[in-house]
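Heads up, the thing below is written out as structure tokens.
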Amino acid sequence: MADRVVESSDIEVPEIPELLEKVLLFCLEESKEKMLAGEDVVPFTALVVKENLFMENHPGETAEQCFAFARHTVANARGAQAYALCYDGYLEVDDEVKDCLIAEGGIPGEEEGYAVGVLYTAGEDGKPVFEDEPAYIGASPNFMEDLKEAEAYTEDEIDEKYLSDCDEGEAEAEEQD
């Protein structure tokens, strides 16, 4: 999945909010583990809500579909404090294309998000060989741009969003029986 443009810059690496940085790095590590186990990395999001991390895959026929599914999930996340969208992509560096695991994300109310990534190559055994450290890629869209900060939601509003989603799934399962 690679049809995504993230603007890179030659400026200093900005200070990424601590919680967002943690979720971005966590997603890169999850993806690395999948690849090392021989699995494909299906684009996925990770949402931080209270003390929970909700992860959801976003498969699609095209890169645009995957991003649209992810945007829909994140833009409707009441009470979330941060999110990351992680996928297997590539970077164009000095007229060369390099494979890269990319995690981009943001926090509620901010205009832009952040993209980080870890470059990799195929080893002699066919398994990926990852760079030691992730690197800042540049600013990215923030799917949480129009959301209020998590503290602006009541406990009931947050519970209603996440518990009602669970209740709907259980109701659908019961209807199928």
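All residue names refer to the structure tokens as shown: chains lettered A, B, ... in order, residues numbered from 1 in each chain, ligands numbered from 1 in order.
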
Residues within 6 Å of region 140-145 of chain A, please, as a list in words. Count only C-alpha atoms; anything in the same chain fewer than 5 positions from it doesn't count.
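Using only C-alpha atoms, the neighbours found are Val6, Arg71, Ala75, Gly106, Ile107, Pro108, Gly109, Glu110, Glu111, Glu112, Gly113, Tyr114 and Ala115 of chain A.
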
Distance in Å - CA of Gly126 (chain A) versus CA of Glu30 (chain A):
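Straight-line distance from CA of Gly126 (chain A) to CA of Glu30 (chain A) works out to 19.1 Å.
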
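Between Ala82 (chain A) and the residues A:Thr121, A:Ser31, A:Thr45, A:Thr62, the shortest atom-to-atom distance, using only C-alpha atoms, involves A:Thr45.
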